[in-house]
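Novice: Dumping the structure here so I can ask a few things about it.
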Amino acid sequence: MTAPTMARTGQVTQPHTGAPARTGLAHDDSFAAFARTHIARRADAAYEAEILDRLSWQRLADLGLWRIGVPEGLGGIGGTWADLAEHVADIARTGEDLGFVLSLIAHAGLVRALVEHGNDYHHRSVLPQLMNGAVGATALTEPHGGSDVARTRTLATRTSDGWSLTGRKDHITNAPVADRALVLGRVPDLGRRDITLFLVNLHSPGVRRGPAEELLGLRSSPTGAIELRDVTLPEPAVLGAPGEGLRTLYDIISFDRALYGLVIAAFLEPQLDKAVGFARRREAFGTPILDHQYVQGRVTDIRITIEIARATARAGIDALVAGDPEASLRCSVAKLVGSEGLVEAAQNLMRLHGHAGYMRGAQTRIVQDALGTLIAGGTSEMQRKNILNQMLAGHPG
């Protein structure tokens, strides 16, 4: 492998320089090659067992995936978040495990959050663990409020040496296996503007995990509940400033949303190639079905989805890197068009394969996973609400 790796001295070694990446960081296909030869081979077993492929997870960390985009002064290899996003997309393209990649997205968002908004405590005590193989999660949703995170009831109170946190989070990606989580809560002493983000060690006393949920799709991305009962946190565990949680959070989840669009485009590319090959071999009425306009319509629709999802995702990520005030809007567009486009593409793939596509197997799994992307990372309704809010903010009259 030629991806960034850790030398025995603990120093980061640079990757072999191949073709230049879109964003400038030296690029190679090592992560794609690893996903093809390892993640893809274990994908079916992980899906059936409904577990995260921790062996591949650790190996990706060893190869340096989570050091991409992190400044060298914090133990990374530099580059931008667009570089990290492209490598996660490489894994989606060849790994044949969309659930695993969605767990990567949740972790990537936390790594970026610590770099962009963290303090010295986060950089010294939490970030190295996440770069070295620990699993991260972002715990926002609760039983009563769903995606309306501003209704959180998780409460934090000040103590003599920090904080005490109590509450429950539901439907959290990576929760059953995560080591660290970003938790949204309230600090009532602050008044109306009290929403605050906390970094929690999920191995701390007072933390309980619910069982992994039985999901329709994305089964290799463990999802579940986190219950917090008087969990003690040090003073610097707050990410950003107390009371500024929502503002910080919108930047954090924007990266996740754009990543969905980029990953979906990459995931669909090999699926489309397989479908075109099938349509060339399969005959109906004495001619390959690819000669029929309705088949051509379905395969071109999938290609259009790939191009739109990739373009909008890259626009969103570039906007984040540049600090563009419309970054949040663009990232929500990427998530919306990517997840809804994947559902349509999955149905087209099923129809192209006829009755065989409806039999339990690769095509039905794609449909199940596609439906899951409409929920994971925020529903389409939430993306539209964010887009509208951003539009109205730009037109106050």
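For the structure tokens, the naming scheme is as follows: chains receive sequential letters (A, B, ...) according to their order of presentation, residues are indexed from 1 within each chain, and ligands are indexed from 1 in presentation order.
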Can I get the residues of region 320-339 of chain A within 12 Å of region 386-389 of chain A, each with the closest pair of atoms and their distance in Å to one decimal, using only C-alpha atoms, sorted chain first then ascending number, as JSON lines?
Specialist:
{"residue": "A:Glu326", "atom": "CA", "partner": "A:Ile387", "partner_atom": "CA", "distance": 9.5}
{"residue": "A:Ala327", "atom": "CA", "partner": "A:Ile387", "partner_atom": "CA", "distance": 10.4}
{"residue": "A:Ser328", "atom": "CA", "partner": "A:Asn386", "partner_atom": "CA", "distance": 7.8}
{"residue": "A:Leu329", "atom": "CA", "partner": "A:Ile387", "partner_atom": "CA", "distance": 5.0}
{"residue": "A:Arg330", "atom": "CA", "partner": "A:Ile387", "partner_atom": "CA", "distance": 8.0}
{"residue": "A:Cys331", "atom": "CA", "partner": "A:Ile387", "partner_atom": "CA", "distance": 9.2}
{"residue": "A:Ser332", "atom": "CA", "partner": "A:Ile387", "partner_atom": "CA", "distance": 6.6}
{"residue": "A:Val333", "atom": "CA", "partner": "A:Ile387", "partner_atom": "CA", "distance": 7.3}
{"residue": "A:Ala334", "atom": "CA", "partner": "A:Ile387", "partner_atom": "CA", "distance": 10.8}
{"residue": "A:Lys335", "atom": "CA", "partner": "A:Ile387", "partner_atom": "CA", "distance": 11.1}
{"residue": "A:Leu336", "atom": "CA", "partner": "A:Ile387", "partner_atom": "CA", "distance": 9.9}
Novice: List the neighbours of region 80-86 of chain A out to 10 Å using only C-alpha atoms; skip same-chain residues closer than 5 positions along the sequence, and give me the result as a ChimeraX atom specification.
Specialist: /A:21-27,65-71,91-92,105,108-109,112,255-256,258-260,262-263,266,313-314,316-318,320-321
Novice: DSSP on the backbone: which residues in region 155-395 of chain A end up as helix (DSSP H, G or I)? Give the answer as a ChimeraX atom specification.
Specialist: /A:188-190,235-237,245-281,289-291,293-322,327-352,354-358,362-373,380-393
Novice: Could the residues in this selection be saved with C-alpha atoms as a compact mmCIF listing (two decimals), in the first residue's frame?
Specialist:
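That gives us again.txt:
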# COMPACT_ATOMS: atom_id res chain seq x y z
CA PRO A 188 -29.83 25.76 31.54
CA ASP A 189 -27.71 28.22 33.54
CA LEU A 190 -26.87 30.02 30.29
CA GLU A 235 -14.16 21.49 31.82
CA PRO A 236 -12.53 21.60 28.34
CA ALA A 237 -14.78 18.82 27.01
CA GLY A 245 -23.62 24.56 19.98
CA LEU A 246 -26.06 25.04 17.12
CA ARG A 247 -23.81 27.40 15.20
CA THR A 248 -20.90 25.01 15.52
CA LEU A 249 -23.08 22.01 14.74
CA TYR A 250 -24.36 23.39 11.43
CA ASP A 251 -20.80 23.60 10.16
CA ILE A 252 -20.00 20.09 11.40
CA ILE A 253 -22.99 18.33 9.85
CA SER A 254 -22.60 20.21 6.57
CA PHE A 255 -19.44 18.21 5.83
CA ASP A 256 -21.29 14.96 6.54
CA ARG A 257 -24.11 15.96 4.19
CA ALA A 258 -21.79 16.77 1.31
CA LEU A 259 -19.92 13.52 1.86
CA TYR A 260 -23.16 11.59 1.34
CA GLY A 261 -23.51 13.05 -2.14
CA LEU A 262 -19.90 12.28 -3.07
CA VAL A 263 -20.06 8.75 -1.69
CA ILE A 264 -23.35 7.99 -3.45
CA ALA A 265 -21.90 9.07 -6.79
CA ALA A 266 -18.85 6.86 -6.27
CA PHE A 267 -20.93 3.89 -5.08
CA LEU A 268 -23.18 4.04 -8.14
CA GLU A 269 -20.37 4.08 -10.72
CA PRO A 270 -19.49 0.36 -10.59
CA GLN A 271 -23.17 -0.54 -10.22
CA LEU A 272 -23.88 1.29 -13.46
CA ASP A 273 -20.97 -0.42 -15.21
CA LYS A 274 -22.35 -3.82 -14.18
CA ALA A 275 -25.84 -2.86 -15.34
CA VAL A 276 -24.60 -1.72 -18.75
CA GLY A 277 -22.66 -4.98 -19.14
CA PHE A 278 -25.77 -6.96 -18.22
CA ALA A 279 -27.91 -4.95 -20.68
CA ARG A 280 -25.45 -5.71 -23.47
CA ARG A 281 -25.55 -9.46 -22.76
CA ILE A 289 -31.96 -4.93 -24.17
CA LEU A 290 -29.56 -1.97 -24.23
CA ASP A 291 -30.88 -1.26 -27.73
CA GLN A 293 -35.01 3.19 -25.44
CA TYR A 294 -36.60 2.45 -22.06
CA VAL A 295 -33.40 0.68 -20.98
CA GLN A 296 -31.28 3.49 -22.34
CA GLY A 297 -33.42 5.92 -20.35
CA ARG A 298 -32.82 4.05 -17.10
CA VAL A 299 -29.04 3.77 -17.49
CA THR A 300 -28.68 7.41 -18.54
CA ASP A 301 -30.80 8.48 -15.57
CA ILE A 302 -28.32 6.71 -13.29
CA ARG A 303 -25.41 8.45 -15.01
CA ILE A 304 -27.10 11.81 -14.60
CA THR A 305 -27.59 11.12 -10.89
CA ILE A 306 -23.88 10.32 -10.55
CA GLU A 307 -22.82 13.53 -12.25
CA ILE A 308 -25.23 15.78 -10.35
CA ALA A 309 -24.47 14.19 -6.96
CA ARG A 310 -20.72 14.46 -7.48
CA ALA A 311 -20.85 18.04 -8.75
CA THR A 312 -23.08 19.31 -5.95
CA ALA A 313 -21.06 17.46 -3.30
CA ARG A 314 -17.78 18.89 -4.51
CA ALA A 315 -19.31 22.36 -4.66
CA GLY A 316 -20.45 21.98 -1.05
CA ILE A 317 -17.11 20.73 0.21
CA ASP A 318 -15.19 23.41 -1.68
CA ALA A 319 -17.53 26.02 -0.16
CA LEU A 320 -16.80 24.68 3.33
CA VAL A 321 -13.05 24.75 2.74
CA ALA A 322 -13.30 28.30 1.42
CA ALA A 327 -21.71 26.24 2.22
CA SER A 328 -24.50 24.85 4.41
CA LEU A 329 -27.07 25.29 1.65
CA ARG A 330 -24.86 23.63 -0.94
CA CYS A 331 -24.09 20.69 1.34
CA SER A 332 -27.80 20.12 2.00
CA VAL A 333 -28.42 20.16 -1.76
CA ALA A 334 -25.73 17.49 -2.16
CA LYS A 335 -27.30 15.26 0.49
CA LEU A 336 -30.79 15.75 -0.92
CA VAL A 337 -30.05 15.07 -4.58
CA GLY A 338 -27.65 12.27 -3.71
CA SER A 339 -29.94 10.28 -1.41
CA GLU A 340 -33.09 10.78 -3.48
CA GLY A 341 -31.15 10.05 -6.66
CA LEU A 342 -29.79 6.84 -5.13
CA VAL A 343 -33.30 5.60 -4.38
CA GLU A 344 -34.36 6.18 -7.98
CA ALA A 345 -31.15 4.62 -9.30
CA ALA A 346 -31.59 1.56 -7.08
CA GLN A 347 -35.10 1.02 -8.46
CA ASN A 348 -33.80 1.39 -12.01
CA LEU A 349 -31.09 -1.19 -11.33
CA MET A 350 -33.72 -3.59 -9.99
CA ARG A 351 -35.98 -3.09 -13.02
CA LEU A 352 -33.13 -3.53 -15.48
CA GLY A 354 -36.18 -8.05 -14.36
CA HIS A 355 -37.39 -10.79 -12.04
CA ALA A 356 -33.80 -11.59 -11.02
CA GLY A 357 -33.53 -8.06 -9.69
CA TYR A 358 -36.50 -8.63 -7.41
CA ALA A 362 -27.36 -7.67 -4.65
CA GLN A 363 -30.06 -5.54 -6.27
CA THR A 364 -32.56 -5.74 -3.41
CA ARG A 365 -29.78 -4.93 -0.97
CA ILE A 366 -28.98 -1.75 -2.90
CA VAL A 367 -32.65 -0.74 -2.69
CA GLN A 368 -32.69 -1.37 1.05
CA ASP A 369 -29.47 0.57 1.57
CA ALA A 370 -30.71 3.40 -0.63
CA LEU A 371 -33.83 3.83 1.46
CA GLY A 372 -31.62 4.08 4.54
CA THR A 373 -29.74 7.05 3.11
CA SER A 380 -34.92 15.07 2.83
CA GLU A 381 -37.40 17.24 4.70
CA MET A 382 -34.62 18.49 6.99
CA GLN A 383 -32.41 19.26 3.99
CA ARG A 384 -35.20 21.24 2.35
CA LYS A 385 -35.82 23.13 5.58
CA ASN A 386 -32.15 24.05 5.81
CA ILE A 387 -32.08 25.11 2.16
CA LEU A 388 -35.15 27.29 2.69
CA ASN A 389 -33.74 28.85 5.86
CA GLN A 390 -30.52 29.70 4.05
CA MET A 391 -32.48 31.20 1.16
CA LEU A 392 -34.60 33.35 3.45
CA ALA A 393 -31.56 34.50 5.39
Novice: Between CA of Ala134 (chain A) and CA of Pro242 (chain A), what is the distance, to one decimal in Å?
Specialist: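 Taking CA of Ala134 (chain A) and CA of Pro242 (chain A), their separation equals 25.9 Å.
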Novice: I need the residues of region 165-311 of chain A that end up classed as strand (DSSP E or B) by DSSP on the backbone, written out as an mmCIF file with C-alpha atoms, in the first residue's frame.
Specialist:
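Output saved as selection-v7.cif:
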data_model
loop_
_atom_site.group_PDB
_atom_site.id
_atom_site.type_symbol
_atom_site.label_atom_id
_atom_site.label_comp_id
_atom_site.auth_asym_id
_atom_site.auth_seq_id
_atom_site.Cartn_x
_atom_site.Cartn_y
_atom_site.Cartn_z
ATOM 1 C CA LEU A 165 -24.219 15.252 31.596
ATOM 2 C CA THR A 166 -27.557 13.383 31.643
ATOM 3 C CA GLY A 167 -29.828 12.432 28.745
ATOM 4 C CA ARG A 168 -30.592 9.916 26.026
ATOM 5 C CA LYS A 169 -29.762 9.881 22.316
ATOM 6 C CA ASP A 170 -31.489 7.601 19.818
ATOM 7 C CA HIS A 171 -30.702 6.228 16.344
ATOM 8 C CA ILE A 172 -27.028 7.200 16.493
ATOM 9 C CA THR A 173 -24.719 5.883 13.779
ATOM 10 C CA ARG A 180 -15.953 8.842 21.576
ATOM 11 C CA ALA A 181 -19.063 10.842 20.764
ATOM 12 C CA LEU A 182 -19.970 14.439 20.164
ATOM 13 C CA VAL A 183 -23.118 14.967 22.229
ATOM 14 C CA LEU A 184 -25.568 17.846 21.916
ATOM 15 C CA GLY A 185 -26.983 19.101 25.207
ATOM 16 C CA ARG A 186 -28.240 22.151 27.091
ATOM 17 C CA ILE A 195 -27.296 24.555 23.452
ATOM 18 C CA THR A 196 -23.753 23.222 23.801
ATOM 19 C CA LEU A 197 -21.605 20.449 22.305
ATOM 20 C CA PHE A 198 -19.636 18.034 24.504
ATOM 21 C CA LEU A 199 -16.990 15.405 23.740
ATOM 22 C CA VAL A 200 -17.826 12.256 25.720
ATOM 23 C CA ASN A 201 -15.703 9.180 26.357
ATOM 24 C CA VAL A 207 -22.728 5.661 29.878
ATOM 25 C CA ARG A 208 -24.972 2.841 28.680
ATOM 26 C CA ARG A 209 -25.495 1.642 25.103
ATOM 27 C CA THR A 223 -26.881 2.166 14.979
ATOM 28 C CA GLY A 224 -28.393 2.501 18.435
ATOM 29 C CA ALA A 225 -29.044 4.516 21.571
ATOM 30 C CA ILE A 226 -26.723 6.153 24.082
ATOM 31 C CA GLU A 227 -27.920 6.822 27.621
ATOM 32 C CA LEU A 228 -26.012 9.236 29.847
ATOM 33 C CA ARG A 229 -26.553 9.326 33.615
ATOM 34 C CA ASP A 230 -24.527 11.910 35.509
ATOM 35 C CA VAL A 231 -21.540 11.382 33.238
ATOM 36 C CA THR A 232 -18.594 13.427 34.508
ATOM 37 C CA LEU A 233 -16.714 15.498 31.936
ATOM 38 C CA PRO A 234 -13.685 17.765 32.315
ATOM 39 C CA VAL A 238 -17.004 21.529 25.486
ATOM 40 C CA LEU A 239 -16.486 21.811 21.724
ATOM 41 C CA GLU A 283 -31.415 -10.195 -25.118
ATOM 42 C CA ALA A 284 -35.118 -9.603 -25.658
ATOM 43 C CA THR A 287 -31.634 -7.887 -29.623
ATOM 44 C CA PRO A 288 -29.666 -6.771 -26.539
#
